[in-house]
Every structure is written in C-alpha cells, then in structure tokens.
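*Asks:* Could you have a look at this structure, given as structure tokens, before my questions?
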Amino acid sequence: MFPSLPKKTFTNTYLRNLTLYVFIAIIAGVFVGIYLPEFSRKLELVNQYFFTVLEAIILPVLFIAIVYGILNVFETKNSFRIIAYTFIYFISVTSVCIILGFIMGFLIKPGINTGINLAEIRAEIPNTYRFTGNPDFFTINNSRYTIFLVISVIVGVVAGSLKSRKLTTVLNLGMELFYIGIKYLYLVLPVIIFCNIAYGISVYGLSTLLPLSKIVATVYLACIIFIFGILGTLCYFFKINFREFLVDIKDEIILVMTTSSSKTAFPMIFEKLENQGYEKKIIRFLIPLGYNFNLAGACIYISACCIFLVQFYSIPMGWNDYFLLFLIISITSKTASGVPGSGFLALIFTLDKFGKIPLTDIALLYSVDRFMNEARSVTNFIGIAVSSALIAKLNPSKEAF
C-alpha cells in the first residue's frame, strides 16, 4: 500500500490556510507588477527554478504511481475491463475536446479581423520562444514525456507479471519519501505565485489581451462548456453530485489555477478522492495515466489555437485536412503534461507536424498563453479527477479487489 493517510487530510489542514496566503500573494503580485515592472521581470527565474525542482520530484512520483497502479490492476479479477473502460473513456473524451475546440473556433472566429500589430506583439515575446526554423528543440521537449510514460508502462507490465512483494515495498517507500518532499516544497508556493503574477503583469499587462481577446475567450468558453456541460452531464448519469465534487476539490483547483500547472495538485488528488470513498487501487492506476492521456484542456487549447491560425492566415482547409489535424492533435496533446508552457510547446509541435500552418508568427500566441494556461490547467485537472471517479464507479464491487 501507499503511505497511510491521516484522518485529517493534508489538503484540509494545510491548504485551507494556503488559500489565504495565495490570495495575499496574488494581490501583492499585481501591485508589484504594476509599480515595480523592472524588478518584476527578474522574478521569472524564481518560477523557472521552482518548476525545475518540482518536475524533478514529480517525474519519479509519476513513475512510481504508474508502476504501482499497473501492479494493482494486474491483481484484480476484472483488470481487463478496467483497462478497456479507461482506454475508451480517454479516447472518447479527448476526441470530443478536440472537436469542441474546432467548433468553438468556427463559431467565434477568433482569427478573423483581429487588428493585430505583429511588431508590437513580438516585442513582448522572450527570445527563447521565438521559432527559428529548427523544430528539434520542441520535438525533444515534447517527446520526452511520451518516452517516459512508455518506459513506465513497460516496467509496470513486467513488474506485474513478476508479482514481486519486495518491489511493492520499495515503491511504497519511494512514494512516501517523495510525498514528504513535495509536501514541504509547497511551503514556498505563495512566494512562487507572487513571482508568477508580478512577472506576468509587468511583461504582458492586461492591454495585451485586447487584440487577442477572442482566442482567449474561445478557449475559456470551450473549457467551461466541457466542465459544466459534458463532465456535469456524465456525473449526473453516474449519480455523482458534480457541485459537491467540485467544492470538495476547490483547494486543489485554486492551487492549479494560481500555479498554472495541474501537476502541483498531483499528490493531493490521490488523498482527496480516496477520502471520498473511491477505490484506492483504481484511483492510483487512473490518475497517473490521466496526467498523460486525458488532458482535456490541452486538447481544447491546441485545437482552438490551430483554428485561430487557420483563420488568421486565411488558409484553405478541406475535410481531409481537418481530419489529419485532428489525428495529430490526438497524439501531440499527450505531450502537454509538463511544467507551465508545455502546452505551448505541444502547439508548436502540432503545427510543425501538420505543415500547412506557418510557424512564423506563432510567438504572438505566447503573449496570451499565460492567460489561457489557467483554463487549460484547471480543465486538465478537473477532467482527470472526474474521469477517475467515473471509471471507479464502473467497477461494480470492491470485492473484486
């Protein structure tokens, strides 16, 4: 088993106070970003170092969780049914999200009559994100998570066939150590959020939103429709009180929103869903896979941005082109499970593989990527949490375990 959980969850005790600290950090970040812009621009390094450390810790946790989850599924009598449900659900929901992004792009038309001044927008883009004609950097960064996931799954399958008790013990110890490390790392989150807000305000400001407001609105509306329309309907049919479900994970949602990364709540969502009564073995199998294969927010974001660029450049597209783009997004969206900014890299990777949409001015979307990142990350997180609860509900009895 994983480390034993306290009666009072970590999120109920620590994050209750953290929400207040986060609110103070946001207000302070806005004021510092407005009145001390030069100082605020230097704070980006703090965010980069934090997420580098967080990623270094989260990746081993993901590896352990995936291997441990597969071990658990191998021990169940209905393991193939759970795997089949998971596969069908992930493929169906992510496909719906891509189509939803397309539809919202067609309806709102964010790339038509934008009035964008490219010279002004480009002036606000960091050089490290400007496309230079060599996609190798983006390919490597977006493929490493896929490679990591494949290796984790292979190790899990091999370990499951061996059925080693010693390996389970080692995984338990490793998860416990990493969980403690992440728990203490979260003590500095208000500082990280302060730096993130201050930097964003100083560099981009709210005025940057105006010429690109339609694409931001498109992504947000699509995410809202997915969360409250599609997920809400699914929860209704599965007799899950969707409102209570969201209220119960509100602290994690706030954490994801303020850090612009769904992975910051990764260790805590296990605990929260298990305390809601969902089967531990299923949850610990589904959540790690969801962080790689069930990224609803990334699917919506990438598809909507592609439609924006198609309209922006007036590119003629046939049904076969949209179908090809759909297939490419289905693959590249699985690589958007990194630190903040990975969704933008996945978008570049998508456009490079598609080939019909120029990458010349892709950097103009980066100026509002931070504003869309919150919606993308929150949608990813809620989608992962809901999918885990729904598929766990499909298991007819805990006696199978």
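Chain lettering (A, B, ...) mirrors the order of the structure tokens, residue numbering begins at 1 for each chain separately, and ligand numbering begins at 1 in order of display.
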Quick one: everything within 8 Å of stretch 316-327 of chain A, counting only C-alpha atoms, minus sequence neighbours fewer than 6 positions away in the same chain. Send it as a VMD selection string.
*Replies:* chain A and resid 98 to 99 303 310 354
*Asks:* Determine, counting only C-alpha atoms, which protein, DNA and RNA residues have an atom within 7 Å of an atom of stretch 385-388 of chain A; residues of the same chain fewer than 6 positions away are not included. Present the result as a list in words.
*Replies:*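 Once the nearby chain positions are removed, what remains is Ile283, Leu286 and Ile287 of chain A.
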*Asks:* Rank A:Gln311, A:Asn292, A:Ser213, A:Ser262 by their smallest atom-to-atom distance to A:Leu107, using only C-alpha atoms, and report the top residue only.
*Replies:* A:Gln311
*Asks:* Tell me which of A:Leu234, A:Ala65, A:Ile70, A:Asn196 sits closest to A:Pro267, counting only C-alpha atoms.
*Replies:* A:Ala65
*Asks:* Write out as an NGL selection string the residues lying within 8 Å of stretch 224-230 of chain A, counting only C-alpha atoms and excluding same-chain residues fewer than 4 positions away.
*Replies:* :A and (97 or 220 or 234 or 379 or 382-383)
*Asks:* Dump N, CA and C atoms for the selected residues as an mmCIF file, in the first residue's frame?
*Replies:*
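In the end it all went to again_20.cif:
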```cif
data_model
loop_
_atom_site.group_PDB
_atom_site.id
_atom_site.type_symbol
_atom_site.label_atom_id
_atom_site.label_comp_id
_atom_site.auth_asym_id
_atom_site.auth_seq_id
_atom_site.Cartn_x
_atom_site.Cartn_y
_atom_site.Cartn_z
ATOM 1 N N CYS A 97 -13.114 16.771 -26.945
ATOM 2 C CA CYS A 97 -12.499 18.066 -26.629
ATOM 3 C C CYS A 97 -11.856 18.705 -27.853
ATOM 4 N N TYR A 220 -11.567 29.756 -23.114
ATOM 5 C CA TYR A 220 -12.278 29.755 -21.839
ATOM 6 C C TYR A 220 -13.706 29.230 -21.986
ATOM 7 N N LEU A 234 -22.090 13.834 -17.505
ATOM 8 C CA LEU A 234 -21.590 12.496 -17.184
ATOM 9 C C LEU A 234 -21.762 12.186 -15.698
ATOM 10 N N THR A 379 -8.844 22.768 -16.450
ATOM 11 C CA THR A 379 -9.648 21.801 -17.204
ATOM 12 C C THR A 379 -8.982 20.434 -17.219
ATOM 13 N N ILE A 382 -9.520 18.992 -13.531
ATOM 14 C CA ILE A 382 -10.891 18.559 -13.248
ATOM 15 C C ILE A 382 -11.245 17.345 -14.099
ATOM 16 N N GLY A 383 -10.813 17.349 -15.351
ATOM 17 C CA GLY A 383 -11.079 16.207 -16.228
ATOM 18 C C GLY A 383 -10.450 14.925 -15.704
#
```
*Asks:* For a quick check of understanding, using only C-alpha atoms, which of A:Tyr291, A:Tyr199, A:Tyr236, A:Phe23 has the smallest distance to A:Phe39?
*Replies:*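 Ranking A:Tyr291, A:Tyr199, A:Tyr236, A:Phe23 by distance to A:Phe39, first place goes to A:Tyr199.
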*Asks:* Restricting the calculation to only C-alpha atoms, which member of A:Lys109, A:Cys195, A:Ala25, A:Leu149 is positioned closest to A:Lys42?
*Replies:*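 Of the candidates, the smallest distance to A:Lys42 is held by A:Cys195.
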*Asks:* Can you list, as a PyMOL selection string, every protein, DNA or RNA residue that comes within 9 Å of A:Asn47 when you count only C-alpha atoms, leaving out same-chain residues fewer than 3 positions away?
*Replies:* chain A and resi 43-44+50-52+192-193+195-196
*Asks:* Would you output that residue set with C-alpha atoms, as a tab-separated table (two decimals), in the first residue's frame?
*Replies:*
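Saved as selection.tsv:
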```
chain	number	residue	atom	x	y	z
A	43	LEU	CA	11.29	37.21	-10.94
A	44	GLU	CA	10.79	34.80	-13.84
A	50	PHE	CA	10.85	26.12	-8.72
A	51	PHE	CA	9.22	24.19	-11.55
A	52	THR	CA	12.54	22.61	-12.47
A	192	ILE	CA	6.18	31.34	-6.36
A	193	ILE	CA	2.68	32.57	-7.10
A	195	CYS	CA	6.61	35.99	-8.57
A	196	ASN	CA	4.48	34.48	-11.33
```
*Asks:* Could you check the closest approach to A:Asn380 for each of A:Ala265, A:Ile328, A:Val188, A:Val216 and tell me which residue wins, using only C-alpha atoms?
*Replies:*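 That would be A:Ala265, the residue with the smallest distance to A:Asn380.
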*Asks:* Determine the nearest neighbour of A:Gly174 from the options A:Arg284, A:Ile254, A:Gln276, A:Phe63, counting only C-alpha atoms.
*Replies:*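 Answer, going by the shortest atom-to-atom distance: A:Phe63.
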